[in-house]
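What follows is a set of notes on a single structure, which appears directly below.
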Amino acid sequence: MASDQRPSTVGDQRDPSNAEPETALETARRQLSRAGSNLEIDDAIHERLRHPTAVHEVTVPLERDDGSVEVFTGYRAQHDSVRGPYKGGLRYHPAVTRDECVGLAMWMTWKCAVMDLPFGGAKGGIVVDPKSLSDDEKERLTRRFTQEMRRVIGPTRDIPAPDMGTDPQTMAWLMDAYSMQEDETIPGVVTGKPPAIGGSEGRERAPGRSVAIVTRETCAYYEYPLSETTVAIQGFGSVGANAARLLEEWGATVVAVSDVNGAVYDPEGLDVGAIPSHDEEPEAVTRYAEETDVARLSNADLLELDVDVLVPAAVGNVLTEDNADAVDADIVVEGANGPTTFAADAILEERGIEVIPDILANAGGVTVSYFEWLQDINRRRWSLEQVHEELESEMVTAWNAVREEVEQRDVTWRDGAYVVALSRIAEAHEIRGLWP
Ligand code: NAD
């Protein structure tokens with residue numbers, strides 16, 4: 001994920017003059033409170049879920065290539081493990097903070113629970129600009145961080161995955177460092193590894209695939225035949241490009257896509273297969289526009305197109321109280337994490353625009369991470385076909401669980417997803433009880 005231009009998943013695109021900015025932790029707590037108001041859950045459980053179980057902070061000394069030594073700070077926030085080991089990304093970014101890790105760890109708890117995966121939520125990171133490191137330095141930093149965190153991670157404790165500034169190679173170093181110290185090969189300590197060392201087929205493309213599946217199910221529910229459905233997608237990376245290609249394959253008309261530099265638009269439908277995705281060629285959407293006579297738009301215009309489905313799949317906080325009134329789509333499917341602010345959410349709800357939340361829509365990533373973990377601990381490899389079949393089944397099951405809450409409680413899709421997640425977590429806490 002080439003997301004290093006983003007300062008923070010939740011804070012991206014934040015305008016300092018905008019009154020809404022809030023930290024990932026504030027967002028996560030507000031979402032918990034709102035979900036709690038839709039459910040009868042014990043006050044003590046609610047209070048426990050407002051806080052992480054633990055936040056591990058370490059210093060990570062790194063010998064630079066020139067022989068000097070620099071010391072970095074690393075975190076691992078572990079929010080809740082009542083349903084299974086902690087699970088969540090590891091990011092290398094200068095804006096990483098303790099609170100951001102806690103907020104994002106809470107988000108992972110809800111995401112795993114809405115998918116009914118036997119995991120809790122975690123998130124970690126090192127406060128470093130990965131672009132300032134050589135490959136050798138990145139490797140040494142990763143290995144030392146792994147050693148510092150060795151006692152709190154592990155295949156039955158806490159399983160990191162790639163995030164901003166980290167990639168499958170980073171996970172390979174982490175797995176190797178951990179395995180060397182434990183004297184055995186333990187692939188299940190991380191997910192998102194290269195397939196040669198126990199990574200899963202289909203992991204990279206899974207979040208985009210889940211966005212496409214959820215879009216397809218939602219369109220069918222609201223009686224939009226895909227063959228008559230128009231879609232605009234912001235961001236043409238791992239999530240956006242894969243969602244665009246699948247939706248096109250399944251018959252939808254993708255009329256607009258964008259990268260950080262702007263959007264292309266053809267009301268008759270783009271040939272999305274002809275546009276390289278961000279990892280195939282960074283910012284190729286703009287080059288495609290230069291080489292063809294397709295119309296160009298700004299990213300802001302894309303969000304206001306008159307389409308059936310809008311998929312913000314680039315960065316957070318792009319739908320705000322400033323533009324929510326201008327959104328002209330009937331359905332918004334959140335491909336990115338946190339693309340809709342709290343205030344925008346209220347406006348979209350009032351306007352009758354359905355918003356399918358990130359914790360459901362892009363959960364294909366953590367779901368295939370779960371498949372990877374299963375393959376690792378069982379020492380058994382799945383084919384790409386099997387991964388796709390299982391992902392399809394998990395996504396449709398989760399989508400249906402949320403739909404039931406939406407229908408029965410007459411709530412938004414976001415509230416429905418939080419109700420599903422929180423009721424599963426609260427039930428597990430109630431049954432396990434408080435020890436001692
Ligand atoms: P990516 O780096 O592969 O692609 C990002 C795309 O967005 C690129 O086309 C880039 O040009 C574009 N972009 C960047 N900044 C932009 C901006 N300010 N305005 C418009 N476009 C911009 O990233 P990705 O992996 O596809 O992730 C996208 C979003 O999905 C992020 O919010 C990420 O947290 C979330 N997400 C990713 C995964 C995953 O496993 N890749 C899983 C779940 C959620």
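Following the order of the structure tokens, chains are lettered A, B, ..., residues in each are numbered from 1, and ligands are numbered from 1.
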Under the rule of at most 6 Å, produce a per-residue listing of chain A near ligand 1: chain, number, name, the closest pair of atoms, and the distance in Å, as JSON lines, using only C-alpha atoms and all ligand atoms.
{"residue": "A:Met1", "atom": "CA", "partner": "ligand 1", "partner_atom_place_in_ligand_line": "2 (O)", "distance": 4.2}
{"residue": "A:Ala2", "atom": "CA", "partner": "ligand 1", "partner_atom_place_in_ligand_line": "2 (O)", "distance": 3.7}
{"residue": "A:Ser3", "atom": "CA", "partner": "ligand 1", "partner_atom_place_in_ligand_line": "2 (O)", "distance": 4.2}
{"residue": "A:Thr9", "atom": "CA", "partner": "ligand 1", "partner_atom_place_in_ligand_line": "34 (O)", "distance": 5.8}
{"residue": "A:Pro207", "atom": "CA", "partner": "ligand 1", "partner_atom_place_in_ligand_line": "42 (C)", "distance": 5.1}
{"residue": "A:Gln234", "atom": "CA", "partner": "ligand 1", "partner_atom_place_in_ligand_line": "21 (N)", "distance": 5.9}
{"residue": "A:Gly235", "atom": "CA", "partner": "ligand 1", "partner_atom_place_in_ligand_line": "7 (O)", "distance": 3.5}
{"residue": "A:Phe236", "atom": "CA", "partner": "ligand 1", "partner_atom_place_in_ligand_line": "9 (O)", "distance": 3.7}
{"residue": "A:Gly237", "atom": "CA", "partner": "ligand 1", "partner_atom_place_in_ligand_line": "4 (O)", "distance": 3.2}
{"residue": "A:Ser238", "atom": "CA", "partner": "ligand 1", "partner_atom_place_in_ligand_line": "26 (O)", "distance": 3.6}
{"residue": "A:Val239", "atom": "CA", "partner": "ligand 1", "partner_atom_place_in_ligand_line": "26 (O)", "distance": 3.8}
{"residue": "A:Gly240", "atom": "CA", "partner": "ligand 1", "partner_atom_place_in_ligand_line": "26 (O)", "distance": 5.7}
{"residue": "A:Asp259", "atom": "CA", "partner": "ligand 1", "partner_atom_place_in_ligand_line": "11 (O)", "distance": 3.5}
{"residue": "A:Val260", "atom": "CA", "partner": "ligand 1", "partner_atom_place_in_ligand_line": "22 (C)", "distance": 3.5}
{"residue": "A:His278", "atom": "CA", "partner": "ligand 1", "partner_atom_place_in_ligand_line": "9 (O)", "distance": 4.9}
{"residue": "A:Glu283", "atom": "CA", "partner": "ligand 1", "partner_atom_place_in_ligand_line": "11 (O)", "distance": 5.2}
{"residue": "A:Asn299", "atom": "CA", "partner": "ligand 1", "partner_atom_place_in_ligand_line": "20 (C)", "distance": 5.8}
{"residue": "A:Ala313", "atom": "CA", "partner": "ligand 1", "partner_atom_place_in_ligand_line": "29 (C)", "distance": 5.0}
{"residue": "A:Ala314", "atom": "CA", "partner": "ligand 1", "partner_atom_place_in_ligand_line": "7 (O)", "distance": 3.7}
{"residue": "A:Val315", "atom": "CA", "partner": "ligand 1", "partner_atom_place_in_ligand_line": "32 (O)", "distance": 4.3}
{"residue": "A:Gly316", "atom": "CA", "partner": "ligand 1", "partner_atom_place_in_ligand_line": "32 (O)", "distance": 5.7}
{"residue": "A:Gly335", "atom": "CA", "partner": "ligand 1", "partner_atom_place_in_ligand_line": "30 (O)", "distance": 5.5}
{"residue": "A:Ala336", "atom": "CA", "partner": "ligand 1", "partner_atom_place_in_ligand_line": "30 (O)", "distance": 3.5}
{"residue": "A:Asn337", "atom": "CA", "partner": "ligand 1", "partner_atom_place_in_ligand_line": "32 (O)", "distance": 4.2}
{"residue": "A:Asn362", "atom": "CA", "partner": "ligand 1", "partner_atom_place_in_ligand_line": "43 (C)", "distance": 5.0}
{"residue": "A:Gly365", "atom": "CA", "partner": "ligand 1", "partner_atom_place_in_ligand_line": "40 (O)", "distance": 5.1}
What are the closest atom pairs, with distances in Å to one decimal, for each residue of segment 31-98 of chain A lying within 8 Å of segment 141-145 of chain A, using only C-alpha atoms, rows by chain and rising residue number, as CSV?
residue,atom,partner,partner_atom,distance
A:Val58,CA,A:Phe145,CA,7.8
A:Val60,CA,A:Phe145,CA,5.9
A:Pro61,CA,A:Leu141,CA,7.5
A:Leu62,CA,A:Leu141,CA,5.8
A:Gly74,CA,A:Phe145,CA,7.2
Restrict the selected residues to all heavy atoms and save them as a short mmCIF file (atom, residue, chain, number, x, y, z; two decimals), in the first residue's frame.
data_model
loop_
_atom_site.label_atom_id
_atom_site.label_comp_id
_atom_site.auth_asym_id
_atom_site.auth_seq_id
_atom_site.Cartn_x
_atom_site.Cartn_y
_atom_site.Cartn_z
N VAL A 58 7.84 0.84 23.06
CA VAL A 58 9.25 0.41 23.11
C VAL A 58 10.13 1.44 22.41
O VAL A 58 9.64 2.20 21.56
CB VAL A 58 9.45 -0.96 22.43
CG1 VAL A 58 8.76 -2.07 23.21
CG2 VAL A 58 8.96 -0.96 20.98
N VAL A 60 13.32 1.71 19.88
CA VAL A 60 13.94 0.82 18.90
C VAL A 60 15.20 1.49 18.37
O VAL A 60 15.14 2.38 17.52
CB VAL A 60 12.96 0.55 17.72
CG1 VAL A 60 13.46 -0.62 16.89
CG2 VAL A 60 11.55 0.30 18.21
N PRO A 61 16.36 1.08 18.89
CA PRO A 61 17.61 1.67 18.38
C PRO A 61 17.95 1.09 17.00
O PRO A 61 17.77 -0.10 16.77
CB PRO A 61 18.65 1.25 19.42
CG PRO A 61 18.07 0.09 20.13
CD PRO A 61 16.59 0.10 19.95
N LEU A 62 18.40 1.98 16.12
CA LEU A 62 18.73 1.54 14.77
C LEU A 62 20.12 2.05 14.39
O LEU A 62 20.40 3.25 14.50
CB LEU A 62 17.71 2.11 13.77
CG LEU A 62 18.09 1.99 12.29
CD1 LEU A 62 18.01 0.53 11.83
CD2 LEU A 62 17.20 2.87 11.42
N GLY A 74 8.26 2.84 19.21
CA GLY A 74 7.29 1.91 18.60
C GLY A 74 6.17 1.61 19.57
O GLY A 74 6.36 1.67 20.80
#
For this session: Using DSSP on the backbone coordinates, identify all residues within segment 261-378 of chain A classified as strand (DSSP E); present the result as a list in words.
Result: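 After running DSSP on the backbone, segment 261-378 of chain A has strand (DSSP E) at Gly262, Ala263, Val264, Tyr265, Ala295, Arg296, Leu297, Val309, Leu310, Val311, Pro312, Ile331, Val332, Val333, Glu354, Val355 and Ile356 of chain A.
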Could you turn the residues from that selection into a file that holds C-alpha atoms, as a PDB file, in the first residue's frame?
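As a result, part-v3.pdb now contains:
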ATOM      1  CA  GLY A 262      -7.567  13.887 -10.229  1.00  0.00           C
ATOM      2  CA  ALA A 263     -10.341  11.841 -11.817  1.00  0.00           C
ATOM      3  CA  VAL A 264     -11.375  10.583 -15.246  1.00  0.00           C
ATOM      4  CA  TYR A 265     -15.022  10.439 -16.233  1.00  0.00           C
ATOM      5  CA  ALA A 295     -13.028  13.939 -19.538  1.00  0.00           C
ATOM      6  CA  ARG A 296     -11.076  14.995 -16.455  1.00  0.00           C
ATOM      7  CA  LEU A 297     -12.566  16.009 -13.140  1.00  0.00           C
ATOM      8  CA  VAL A 309     -22.989   4.060  -6.187  1.00  0.00           C
ATOM      9  CA  LEU A 310     -20.092   6.125  -4.854  1.00  0.00           C
ATOM     10  CA  VAL A 311     -17.062   4.254  -3.477  1.00  0.00           C
ATOM     11  CA  PRO A 312     -14.578   6.483  -1.621  1.00  0.00           C
ATOM     12  CA  ILE A 331     -25.532   4.409  -2.113  1.00  0.00           C
ATOM     13  CA  VAL A 332     -22.078   5.064  -0.626  1.00  0.00           C
ATOM     14  CA  VAL A 333     -19.839   2.034  -0.048  1.00  0.00           C
ATOM     15  CA  GLU A 354     -27.409   4.530   2.336  1.00  0.00           C
ATOM     16  CA  VAL A 355     -23.826   4.303   3.628  1.00  0.00           C
ATOM     17  CA  ILE A 356     -22.323   0.817   3.835  1.00  0.00           C
TER      18      ILE A 356
END
For this session: Would you list, as a PyMOL selection string, the residues of segment 141-255 of chain A that end up in helix (DSSP H, G or I) under DSSP run on this structure's backbone?
Result: chain A and resi 141-149+168-182+187-189+195-197+206-221+226-228+238-249
Using only C-alpha atoms, tabulate the residues of segment 337-390 of chain A lying at most 10 Å from any atom of segment 88-110 of chain A, each with its closest atom pair and that distance in Å to one decimal, by chain and increasing residue number, as JSON lines.
{"residue": "A:Asn337", "atom": "CA", "partner": "A:Trp107", "partner_atom": "CA", "distance": 9.4}
{"residue": "A:Gly338", "atom": "CA", "partner": "A:Trp107", "partner_atom": "CA", "distance": 9.9}
{"residue": "A:Asp358", "atom": "CA", "partner": "A:Trp107", "partner_atom": "CA", "distance": 9.8}
{"residue": "A:Ile359", "atom": "CA", "partner": "A:Trp110", "partner_atom": "CA", "distance": 7.0}
{"residue": "A:Leu360", "atom": "CA", "partner": "A:Trp110", "partner_atom": "CA", "distance": 9.3}
{"residue": "A:Ala363", "atom": "CA", "partner": "A:Met108", "partner_atom": "CA", "distance": 9.5}
{"residue": "A:Val366", "atom": "CA", "partner": "A:Gly88", "partner_atom": "CA", "distance": 8.0}
{"residue": "A:Ser369", "atom": "CA", "partner": "A:Gly88", "partner_atom": "CA", "distance": 9.7}
Go ahead and write the selection's residues with N, CA and C atoms as a CSV table (one decimal), in the first residue's frame.
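Output file result.csv is given in full below:
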chain,number,residue,atom,x,y,z
A,337,ASN,N,-10.8,3.5,4.9
A,337,ASN,CA,-11.2,3.5,6.3
A,337,ASN,C,-11.6,4.9,6.7
A,338,GLY,N,-12.8,5.1,7.3
A,338,GLY,CA,-13.2,6.4,7.8
A,338,GLY,C,-13.3,7.5,6.7
A,358,ASP,N,-17.2,1.0,6.4
A,358,ASP,CA,-15.9,0.5,6.2
A,358,ASP,C,-15.7,-0.8,6.9
A,359,ILE,N,-16.2,-0.9,8.2
A,359,ILE,CA,-15.9,-2.1,9.0
A,359,ILE,C,-16.5,-3.4,8.4
A,360,LEU,N,-17.5,-3.2,7.5
A,360,LEU,CA,-18.1,-4.3,6.7
A,360,LEU,C,-17.4,-4.4,5.3
A,363,ALA,N,-13.7,-5.2,4.9
A,363,ALA,CA,-13.2,-6.3,5.8
A,363,ALA,C,-12.7,-7.5,5.1
A,366,VAL,N,-8.9,-8.3,6.3
A,366,VAL,CA,-8.7,-9.0,7.6
A,366,VAL,C,-9.3,-10.4,7.5
A,369,SER,N,-6.7,-12.4,5.9
A,369,SER,CA,-5.7,-12.6,6.8
A,369,SER,C,-6.0,-13.8,7.8
Near-Glu217 of chain A list (10 Å; only C-alpha atoms; drop same-chain fewer than 6 positions) as a PDB file with C-alpha atoms, in the first residue's frame:
ATOM      1  CA  GLU A 223     -33.200  -3.454  -6.710  1.00  0.00           C
ATOM      2  CA  TYR A 224     -30.478  -1.868  -8.784  1.00  0.00           C
ATOM      3  CA  LEU A 226     -25.758  -4.255 -11.778  1.00  0.00           C
ATOM      4  CA  MET A 395     -18.913 -11.497   3.205  1.00  0.00           C
ATOM      5  CA  VAL A 396     -22.462 -12.476   2.285  1.00  0.00           C
ATOM      6  CA  TRP A 399     -23.723  -8.487   5.060  1.00  0.00           C
ATOM      7  CA  ASN A 400     -26.879 -10.463   5.890  1.00  0.00           C
TER       8      ASN A 400
END
Seminar exercise, completed: Using only C-alpha atoms, the shortest atom-to-atom distance to Gln78 of chain A among A:Val152, A:Val368, A:Val128, A:Ile41 belongs to A:Val152
For this session: Could you check which of A:Trp413, A:Phe342, A:Phe119, A:Phe371 is closest to Arg29 of chain A, using only C-alpha atoms?
Result: A:Phe342
Exercise. How far is it from atom CA of Thr215 of chain A to atom CA of Asp301 of chain A, in Å with one decimal?
Worked result: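 Here the two named atoms are 21.4 Å from each other.
You can rank A:Asp271, A:Glu248, A:Asp293, A:Glu148 by their closest distance to Leu174 of chain A using only C-alpha atoms, and at the top of that list sits A:Glu148.
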Excluding Asp80 of chain A and residues on its chain fewer than 4 positions from it, collect all residues at most 9 Å away from it, counting only C-alpha atoms, and give them as a PDB file with N, CA, C and O atoms, in the first residue's frame.
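Written output follows (selection09.pdb):
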ATOM      1  N   ARG A  48     -15.334  -0.871  29.863  1.00  0.00           N
ATOM      2  CA  ARG A  48     -14.103  -1.619  29.560  1.00  0.00           C
ATOM      3  C   ARG A  48     -13.694  -1.436  28.105  1.00  0.00           C
ATOM      4  O   ARG A  48     -12.521  -1.327  27.772  1.00  0.00           O
ATOM      5  N   LEU A  49     -14.684  -1.421  27.207  1.00  0.00           N
ATOM      6  CA  LEU A  49     -14.378  -1.329  25.777  1.00  0.00           C
ATOM      7  C   LEU A  49     -13.902   0.057  25.355  1.00  0.00           C
ATOM      8  O   LEU A  49     -13.380   0.233  24.263  1.00  0.00           O
ATOM      9  N   HIS A  51     -11.495   1.433  26.731  1.00  0.00           N
ATOM     10  CA  HIS A  51     -10.057   1.451  27.031  1.00  0.00           C
ATOM     11  C   HIS A  51      -9.362   0.231  26.440  1.00  0.00           C
ATOM     12  O   HIS A  51      -9.949  -0.847  26.391  1.00  0.00           O
ATOM     13  N   PRO A  52      -8.093   0.383  26.036  1.00  0.00           N
ATOM     14  CA  PRO A  52      -7.363  -0.787  25.545  1.00  0.00           C
ATOM     15  C   PRO A  52      -6.948  -1.673  26.708  1.00  0.00           C
ATOM     16  O   PRO A  52      -6.784  -1.189  27.834  1.00  0.00           O
ATOM     17  N   THR A  53      -6.759  -2.953  26.435  1.00  0.00           N
ATOM     18  CA  THR A  53      -6.224  -3.852  27.462  1.00  0.00           C
ATOM     19  C   THR A  53      -4.799  -3.420  27.805  1.00  0.00           C
ATOM     20  O   THR A  53      -4.421  -3.363  28.969  1.00  0.00           O
ATOM     21  N   ALA A  54      -4.019  -3.124  26.768  1.00  0.00           N
ATOM     22  CA  ALA A  54      -2.620  -2.730  26.995  1.00  0.00           C
ATOM     23  C   ALA A  54      -2.120  -1.915  25.814  1.00  0.00           C
ATOM     24  O   ALA A  54      -2.589  -2.084  24.688  1.00  0.00           O
ATOM     25  N   GLY A  84     -10.640 -13.739  20.854  1.00  0.00           N
ATOM     26  CA  GLY A  84      -9.493 -14.409  20.242  1.00  0.00           C
ATOM     27  C   GLY A  84      -8.280 -13.499  20.256  1.00  0.00           C
ATOM     28  O   GLY A  84      -8.334 -12.391  20.780  1.00  0.00           O
ATOM     29  N   PRO A  85      -7.162 -13.961  19.665  1.00  0.00           N
ATOM     30  CA  PRO A  85      -5.935 -13.160  19.682  1.00  0.00           C
ATOM     31  C   PRO A  85      -6.126 -11.785  19.035  1.00  0.00           C
ATOM     32  O   PRO A  85      -7.000 -11.612  18.181  1.00  0.00           O
ATOM     33  N   TYR A  86      -5.305 -10.850  19.451  1.00  0.00           N
ATOM     34  CA  TYR A  86      -5.353  -9.508  18.852  1.00  0.00           C
ATOM     35  C   TYR A  86      -4.896  -9.589  17.399  1.00  0.00           C
ATOM     36  O   TYR A  86      -4.013 -10.383  17.067  1.00  0.00           O
ATOM     37  N   ALA A 105      -6.944   0.318  16.880  1.00  0.00           N
ATOM     38  CA  ALA A 105      -7.088  -1.025  17.460  1.00  0.00           C
ATOM     39  C   ALA A 105      -8.562  -1.288  17.801  1.00  0.00           C
ATOM     40  O   ALA A 105      -9.084  -2.388  17.583  1.00  0.00           O
ATOM     41  N   MET A 106      -9.245  -0.256  18.329  1.00  0.00           N
ATOM     42  CA  MET A 106     -10.675  -0.416  18.638  1.00  0.00           C
ATOM     43  C   MET A 106     -11.444  -0.718  17.354  1.00  0.00           C
ATOM     44  O   MET A 106     -12.304  -1.606  17.316  1.00  0.00           O
ATOM     45  N   THR A 109     -11.215  -4.195  16.486  1.00  0.00           N
ATOM     46  CA  THR A 109     -12.072  -5.062  17.301  1.00  0.00           C
ATOM     47  C   THR A 109     -13.468  -5.155  16.664  1.00  0.00           C
ATOM     48  O   THR A 109     -14.038  -6.246  16.528  1.00  0.00           O
ATOM     49  N   PHE A 119     -10.949 -13.096  16.425  1.00  0.00           N
ATOM     50  CA  PHE A 119      -9.847 -12.184  16.727  1.00  0.00           C
ATOM     51  C   PHE A 119     -10.367 -10.970  17.474  1.00  0.00           C
ATOM     52  O   PHE A 119     -11.544 -10.599  17.347  1.00  0.00           O
ATOM     53  N   GLY A 120      -9.457 -10.319  18.201  1.00  0.00           N
ATOM     54  CA  GLY A 120      -9.737  -9.005  18.768  1.00  0.00           C
ATOM     55  C   GLY A 120      -8.922  -7.967  18.008  1.00  0.00           C
ATOM     56  O   GLY A 120      -8.261  -8.290  17.021  1.00  0.00           O
ATOM     57  N   GLY A 121      -8.944  -6.714  18.487  1.00  0.00           N
ATOM     58  CA  GLY A 121      -8.317  -5.646  17.713  1.00  0.00           C
ATOM     59  C   GLY A 121      -6.998  -5.155  18.278  1.00  0.00           C
ATOM     60  O   GLY A 121      -6.837  -5.011  19.492  1.00  0.00           O
ATOM     61  N   ALA A 122      -6.063  -4.906  17.374  1.00  0.00           N
ATOM     62  CA  ALA A 122      -4.766  -4.317  17.753  1.00  0.00           C
ATOM     63  C   ALA A 122      -4.298  -3.392  16.646  1.00  0.00           C
ATOM     64  O   ALA A 122      -4.827  -3.427  15.538  1.00  0.00           O
ATOM     65  N   ILE A 425     -19.339  -8.991  20.946  1.00  0.00           N
ATOM     66  CA  ILE A 425     -18.260  -8.745  21.915  1.00  0.00           C
ATOM     67  C   ILE A 425     -18.834  -8.725  23.338  1.00  0.00           C
ATOM     68  O   ILE A 425     -18.277  -9.333  24.267  1.00  0.00           O
TER      69      ILE A 425
END
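Atom CA of Arg209 of chain A lies 17.1 Å from atom CA of Val114 of chain A.
Across the model, the gap from atom CA of Val420 of chain A to atom CA of Val402 of chain A is 6.4 Å.
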Problem set entry | Selection near Glu321 of chain A, 8 Å with only C-alpha atoms, sequence-local residues under 6 positions removed, as a ChimeraX atom specification | /A:341,343-344,347
